[in-house]
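Engineer: This is the structure I want to talk about, given as structure tokens.
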Amino acid sequence: MPNTPGSGPVTDEHPDGAPRPADEAARLQAERELIAAADEHATAATEAATSRLSDTVAHRNVPPPTVAPKTAAGTGGGGSRGVAIAGRSVRVGDTVFRGLAAGAGGFLLVIMAAIAVFLIWRALPAFSGNAGNLLTTQQWLPGSNPPRYGIAALAFGTIVSSVIAMLIAVPIAIGIALFIAHYAQRRLATVLGGLVDLLAAVPSLIFGMWGLYFLIPQTRGFQSWLSEYFGWIPLFDNRNATSAAQFGQSLLMAGIVLSIMIIPTISAVTREVFLQVPKDTMDAAWALGATKWEMVRTAVLPFGRAGMISASMLGLGRALGETIAVALVLNSGFTINWHLTEPGGDTFASTIALKFGEASGSKNGIPALIFAGLCLFAITLIVNSIARAVVARKKEFSA
């Protein structure tokens with residue numbers, strides 16, 4: 001029923017539902033005032049919003065607002081007042097914290113450079129008076145006349161034992177991390193996580209004694225079985241042993257001991273990465289009908305790829321530099337031997353520990369050991385640089 005004067009309330013809309021021109025004009029005037037206020041108190045955020053709002057008003061053919069110019073005192077002409085923003089945009093605390101963080105990073109670089117300079121300086125005498133080749137000689141006789149030593153066997157033993165350790169440890173450590181993070185119940189996960197962290201704190205001497213007095217005697221039969229049935233693979237062939245009692249301190253055993261030592265480190269870091277997977281990502285996989293394994297494969301593993309690589313490189317660094325445990329389970333021989341079940345083998349760290357006492361009696365002994373430490377330092381830097389390059393190679397590696 002149409003409204004007549006005095007018969008009912010008057011609406012603010014036309015019969016077709018459109019707002020009255022007076023209301024549209026009031027809304028546009030409010031927009032102009034908002035633009036003017038934003039211009040007077042301009043910041044980076046308000047400038048962008050003002051620009052978008054101005055474009056909207058301009059498209060409606062409404063003249064832009066008139067803003068009084070700002071004066072030095074912050075007061076515009078015609079009685080309008082403009083407020084100028086003054087002061088520092090960065091707080092003093094942020095500046096101090098940034099300086100401290102940059103100083104800490106720079107100090108770390110200084111320490112690494114100082115270590116490298118020291119090693120190079122003290123290793124220089126090892127290059128003189130050596131009858132052998134530092135890189136290819138498979139002997140370590142710095143006290144002989146003439147001295148004869150090289151790092152070929154040391155580099156071989158270090159790399160081979162570390163590779164064996166990584167091949168065994170990485171899959172097991174990732175499996176442990178996945179179970180604790182996404183499969184085990186809360187109480188069981190808490191207990192297992194604590195045990196893994198506790199295992200990481202066990203001294204390397206304990207692992208070495210366990211490997212020497214328990215692992216090697218208990219695995220002689222296993223090594224004999226490998227040599228008998230897989231001897232057609234040169235890595236597992238023992239050319240000298242005629243009974244199981246002749247199997248013992250070999251690079252294979254050193255790699256197994258190292259793998260047990262680095263499993264807690266890799267697992268602990270990987271577990272924390274898996275626990276940071278966004279719940280929305282996992283819920284999306286569930287919503288698409290994924291099974292538990294499919295959710296892990298499509299949501300958890302891609303997110304934690306960078307973390308897994310970083311954790312593996314951290315474990316590899318410990319394997320490369322392990323000293324006492326390897327020294328106890330290896331029978332020094334200073335030869336390159338691809339038959340991993342045969343006794344013998346040496347690493348940089350174990351050689352430095354075992355030969356340091358007798359090195360002081362010769363002119364080239366200490367410099368030769370320091371040169372071995374320099375080579376281990378360089379290998380560690382190269383391995384970590386390659387790991388960082390692998391992580392940064394693709395953007396999807398970043399968690």
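Labeling convention for the structure tokens: chains A, B, ... as they appear, residues from 1 per chain, ligands from 1 in order of appearance.
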Tell me, which residues of stretch 82-263 of chain A carry DSSP helix (DSSP H, G or I), written as number ranges by chain?

Structural biologist: A: 92-127, 152-183, 186-200, 204-229, 234-236, 244-246, 251-263

Engineer: Would you export the selected residues with C-alpha atoms as a CSV table (one decimal), in the first residue's frame, please?

Structural biologist:
chain,number,residue,atom,x,y,z
A,92,VAL,CA,66.9,1.7,19.5
A,93,GLY,CA,66.4,-1.8,20.9
A,94,ASP,CA,66.0,-3.2,17.4
A,95,THR,CA,69.1,-1.5,16.2
A,96,VAL,CA,71.1,-2.8,19.2
A,97,PHE,CA,69.8,-6.4,18.7
A,98,ARG,CA,70.6,-6.2,15.0
A,99,GLY,CA,74.1,-5.1,15.7
A,100,LEU,CA,74.6,-7.9,18.3
A,101,ALA,CA,73.3,-10.5,15.9
A,102,ALA,CA,75.5,-9.3,13.1
A,103,GLY,CA,78.5,-9.1,15.4
A,104,ALA,CA,77.9,-12.7,16.5
A,105,GLY,CA,77.8,-13.9,12.9
A,106,GLY,CA,80.9,-12.0,12.1
A,107,PHE,CA,82.7,-13.3,15.2
A,108,LEU,CA,82.0,-16.9,14.0
A,109,LEU,CA,83.5,-16.1,10.6
A,110,VAL,CA,86.6,-14.7,12.4
A,111,ILE,CA,87.0,-17.8,14.5
A,112,MET,CA,86.7,-20.1,11.5
A,113,ALA,CA,89.3,-18.0,9.6
A,114,ALA,CA,91.6,-18.0,12.6
A,115,ILE,CA,91.4,-21.8,12.8
A,116,ALA,CA,92.1,-22.2,9.1
A,117,VAL,CA,95.1,-19.8,9.4
A,118,PHE,CA,96.5,-21.6,12.4
A,119,LEU,CA,96.2,-25.0,10.7
A,120,ILE,CA,97.8,-23.8,7.5
A,121,TRP,CA,100.7,-22.1,9.3
A,122,ARG,CA,101.5,-25.0,11.6
A,123,ALA,CA,101.1,-27.6,8.7
A,124,LEU,CA,103.6,-25.9,6.4
A,125,PRO,CA,106.7,-27.8,7.8
A,126,ALA,CA,105.0,-31.0,6.8
A,127,PHE,CA,105.6,-30.2,3.1
A,152,ALA,CA,95.6,-41.3,1.1
A,153,ALA,CA,94.6,-44.1,3.5
A,154,LEU,CA,93.3,-41.7,6.1
A,155,ALA,CA,91.0,-40.0,3.6
A,156,PHE,CA,89.8,-43.3,2.3
A,157,GLY,CA,89.0,-44.7,5.8
A,158,THR,CA,87.2,-41.5,6.9
A,159,ILE,CA,85.0,-41.3,3.8
A,160,VAL,CA,84.1,-45.0,3.6
A,161,SER,CA,83.3,-45.4,7.3
A,162,SER,CA,81.1,-42.2,7.2
A,163,VAL,CA,79.3,-43.4,4.1
A,164,ILE,CA,78.5,-46.7,5.7
A,165,ALA,CA,77.2,-44.9,8.8
A,166,MET,CA,75.0,-42.6,6.7
A,167,LEU,CA,73.6,-45.5,4.7
A,168,ILE,CA,72.5,-47.3,7.8
A,169,ALA,CA,71.6,-44.4,10.1
A,170,VAL,CA,69.6,-42.0,7.9
A,171,PRO,CA,66.7,-44.4,7.0
A,172,ILE,CA,66.4,-45.7,10.6
A,173,ALA,CA,66.6,-42.1,12.1
A,174,ILE,CA,63.9,-40.8,9.7
A,175,GLY,CA,61.7,-43.8,10.5
A,176,ILE,CA,62.1,-43.2,14.2
A,177,ALA,CA,61.3,-39.5,13.8
A,178,LEU,CA,58.1,-40.3,11.8
A,179,PHE,CA,56.9,-42.8,14.3
A,180,ILE,CA,57.4,-40.5,17.3
A,181,ALA,CA,55.9,-37.5,15.5
A,182,HIS,CA,52.9,-39.0,13.7
A,183,TYR,CA,52.3,-42.6,14.7
A,186,ARG,CA,51.4,-39.1,23.1
A,187,ARG,CA,52.8,-41.0,26.2
A,188,LEU,CA,54.8,-43.4,24.1
A,189,ALA,CA,56.1,-40.6,21.9
A,190,THR,CA,57.3,-38.7,25.0
A,191,VAL,CA,59.1,-41.7,26.4
A,192,LEU,CA,60.8,-42.6,23.1
A,193,GLY,CA,61.7,-38.9,22.4
A,194,GLY,CA,63.4,-38.8,25.8
A,195,LEU,CA,65.3,-42.0,25.2
A,196,VAL,CA,66.6,-40.8,21.8
A,197,ASP,CA,67.8,-37.5,23.4
A,198,LEU,CA,69.4,-39.5,26.2
A,199,LEU,CA,71.2,-41.7,23.7
A,200,ALA,CA,72.6,-38.7,22.0
A,204,SER,CA,81.7,-41.7,22.4
A,205,LEU,CA,84.1,-43.7,24.6
A,206,ILE,CA,81.1,-45.8,25.8
A,207,PHE,CA,80.2,-46.6,22.2
A,208,GLY,CA,83.8,-47.5,21.4
A,209,MET,CA,84.1,-49.9,24.3
A,210,TRP,CA,80.7,-51.4,23.5
A,211,GLY,CA,81.7,-51.9,19.9
A,212,LEU,CA,85.1,-53.5,20.8
A,213,TYR,CA,83.9,-55.8,23.5
A,214,PHE,CA,80.4,-56.7,22.4
A,215,LEU,CA,79.6,-55.8,18.8
A,216,ILE,CA,82.7,-57.2,17.2
A,217,PRO,CA,82.6,-60.6,19.0
A,218,GLN,CA,78.9,-60.9,18.4
A,219,THR,CA,79.1,-60.1,14.7
A,220,ARG,CA,82.0,-62.3,13.6
A,221,GLY,CA,79.6,-64.9,12.4
A,222,PHE,CA,77.6,-62.3,10.4
A,223,GLN,CA,80.8,-61.0,8.8
A,224,SER,CA,81.8,-64.6,7.9
A,225,TRP,CA,78.4,-65.2,6.4
A,226,LEU,CA,78.7,-62.0,4.3
A,227,SER,CA,82.1,-63.1,3.0
A,228,GLU,CA,80.9,-66.6,2.2
A,229,TYR,CA,77.6,-65.8,0.4
A,234,PRO,CA,84.5,-57.2,-3.5
A,235,LEU,CA,83.3,-55.1,-0.6
A,236,PHE,CA,82.3,-58.2,1.4
A,244,ALA,CA,84.9,-66.7,11.8
A,245,ALA,CA,87.4,-65.9,14.6
A,246,GLN,CA,89.6,-64.0,12.1
A,251,LEU,CA,85.8,-50.5,8.4
A,252,LEU,CA,82.4,-52.2,8.3
A,253,MET,CA,82.4,-52.4,12.1
A,254,ALA,CA,83.5,-48.8,12.4
A,255,GLY,CA,80.7,-47.7,10.1
A,256,ILE,CA,78.1,-49.7,12.2
A,257,VAL,CA,79.3,-48.1,15.4
A,258,LEU,CA,79.2,-44.6,13.8
A,259,SER,CA,75.7,-45.2,12.5
A,260,ILE,CA,74.5,-46.0,16.0
A,261,MET,CA,76.2,-42.9,17.3
A,262,ILE,CA,74.6,-40.5,14.8
A,263,ILE,CA,71.1,-42.0,14.8

Engineer: Please indicate the distance in Å from atom CA of A:Glu294 to atom CA of A:Ala387, rounded to one decimal place.

Structural biologist: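 Going from atom CA of A:Glu294 over to atom CA of A:Ala387, I get 27.1 Å.
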
Engineer: Enumerate the residues of stretch 92-333 of chain A with a DSSP assignment of strand (DSSP E), computed from the backbone, and present them as a list in words.

Structural biologist: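 Assigned to strand (DSSP E), within stretch 92-333 of chain A: Trp140, Leu141, Arg148 and Tyr149 of chain A.
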
Engineer: How would the residues just chosen look if you wrote them out with N, CA and C atoms as a PDB file, in the first residue's frame?

Structural biologist:
ATOM      1  N   TRP A 140     102.462 -43.916   7.059  1.00  0.00           N
ATOM      2  CA  TRP A 140     102.496 -42.828   8.042  1.00  0.00           C
ATOM      3  C   TRP A 140     103.718 -43.048   8.932  1.00  0.00           C
ATOM      4  N   LEU A 141     104.868 -42.596   8.440  1.00  0.00           N
ATOM      5  CA  LEU A 141     106.145 -42.770   9.140  1.00  0.00           C
ATOM      6  C   LEU A 141     106.871 -41.427   9.220  1.00  0.00           C
ATOM      7  N   ARG A 148     108.358 -40.430   5.785  1.00  0.00           N
ATOM      8  CA  ARG A 148     107.513 -40.821   4.655  1.00  0.00           C
ATOM      9  C   ARG A 148     106.083 -40.967   5.165  1.00  0.00           C
ATOM     10  N   TYR A 149     105.199 -40.126   4.691  1.00  0.00           N
ATOM     11  CA  TYR A 149     103.815 -40.153   5.163  1.00  0.00           C
ATOM     12  C   TYR A 149     102.911 -39.510   4.122  1.00  0.00           C
TER      13      TYR A 149
END

Engineer: What lies within 9 Å of A:Pro146 using only C-alpha atoms, ignoring chain neighbours under 3 positions off, as a list in words?

Structural biologist: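 Contacts, with the query itself left out: Gly129, Asn130, Ala131, Leu141, Pro142 and Gly143 of chain A.
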
Engineer: Since we have the selection now, will you write its residues out, keeping all heavy atoms, as a CSV table (one decimal), in the first residue's frame?

Structural biologist:
chain,number,residue,atom,x,y,z
A,129,GLY,N,110.9,-32.1,3.6
A,129,GLY,CA,111.5,-33.2,4.2
A,129,GLY,C,110.8,-34.5,4.1
A,129,GLY,O,111.2,-35.5,4.7
A,130,ASN,N,109.7,-34.5,3.4
A,130,ASN,CA,108.8,-35.7,3.2
A,130,ASN,C,109.3,-36.5,2.0
A,130,ASN,O,109.2,-36.0,0.9
A,130,ASN,CB,107.4,-35.4,3.2
A,130,ASN,CG,106.5,-36.6,3.1
A,130,ASN,OD1,106.9,-37.7,3.4
A,130,ASN,ND2,105.2,-36.4,2.7
A,131,ALA,N,109.7,-37.8,2.2
A,131,ALA,CA,110.1,-38.6,1.1
A,131,ALA,C,108.9,-39.1,0.3
A,131,ALA,O,109.1,-39.6,-0.9
A,131,ALA,CB,111.0,-39.7,1.5
A,141,LEU,N,104.9,-42.6,8.4
A,141,LEU,CA,106.1,-42.8,9.1
A,141,LEU,C,106.9,-41.4,9.2
A,141,LEU,O,107.9,-41.2,8.6
A,141,LEU,CB,107.0,-43.8,8.4
A,141,LEU,CG,106.4,-45.2,8.3
A,141,LEU,CD1,107.3,-46.1,7.4
A,141,LEU,CD2,106.2,-45.9,9.6
A,142,PRO,N,106.3,-40.4,9.9
A,142,PRO,CA,107.0,-39.1,10.0
A,142,PRO,C,108.3,-39.2,10.8
A,142,PRO,O,109.1,-38.3,10.7
A,142,PRO,CB,105.9,-38.3,10.7
A,142,PRO,CG,105.1,-39.2,11.5
A,142,PRO,CD,105.0,-40.5,10.7
A,143,GLY,N,108.5,-40.2,11.6
A,143,GLY,CA,109.7,-40.3,12.4
A,143,GLY,C,110.8,-41.1,11.8
A,143,GLY,O,111.9,-41.3,12.4

Engineer: Provide the atom CA of A:Val273 to atom CA of A:Gly315 distance in Å, to one decimal place.

Structural biologist: 15.4 Å

Engineer: Can you measure atom CA of A:Pro302 to atom CA of A:Ile386 for me? One decimal in Å is fine.

Structural biologist: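 Computing it gives 19.8 Å between the two atoms.
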
Engineer: Name the closest residue to A:Phe274 among the candidates A:Ala325, A:Met308, A:Met295, A:Leu288; distances are taken between atoms, counting only C-alpha atoms.

Structural biologist: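 Checking each candidate against A:Phe274, we get A:Met308 as the closest.
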
Engineer: Which residues come within 9 Å of A:Ile379, counting only C-alpha atoms, excluding same-chain residues fewer than 5 positions away, as a list in words?

Structural biologist: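 So the residues in contact are Leu320, Leu374 and Asn384 of chain A.
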
Engineer: Keeping only N, CA and C atoms, write those residues as a compact mmCIF listing (two decimals), in the first residue's frame.

Structural biologist:
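Output below, filename result18.txt:
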# COMPACT_ATOMS: atom_id res chain seq x y z
N LEU A 320 82.34 -37.86 10.58
CA LEU A 320 83.65 -37.54 10.01
C LEU A 320 84.67 -37.23 11.10
N LEU A 374 93.95 -30.35 9.12
CA LEU A 374 93.56 -29.36 8.10
C LEU A 374 92.75 -30.01 6.99
N ASN A 384 79.51 -29.59 4.14
CA ASN A 384 78.45 -28.69 4.59
C ASN A 384 78.07 -27.68 3.52
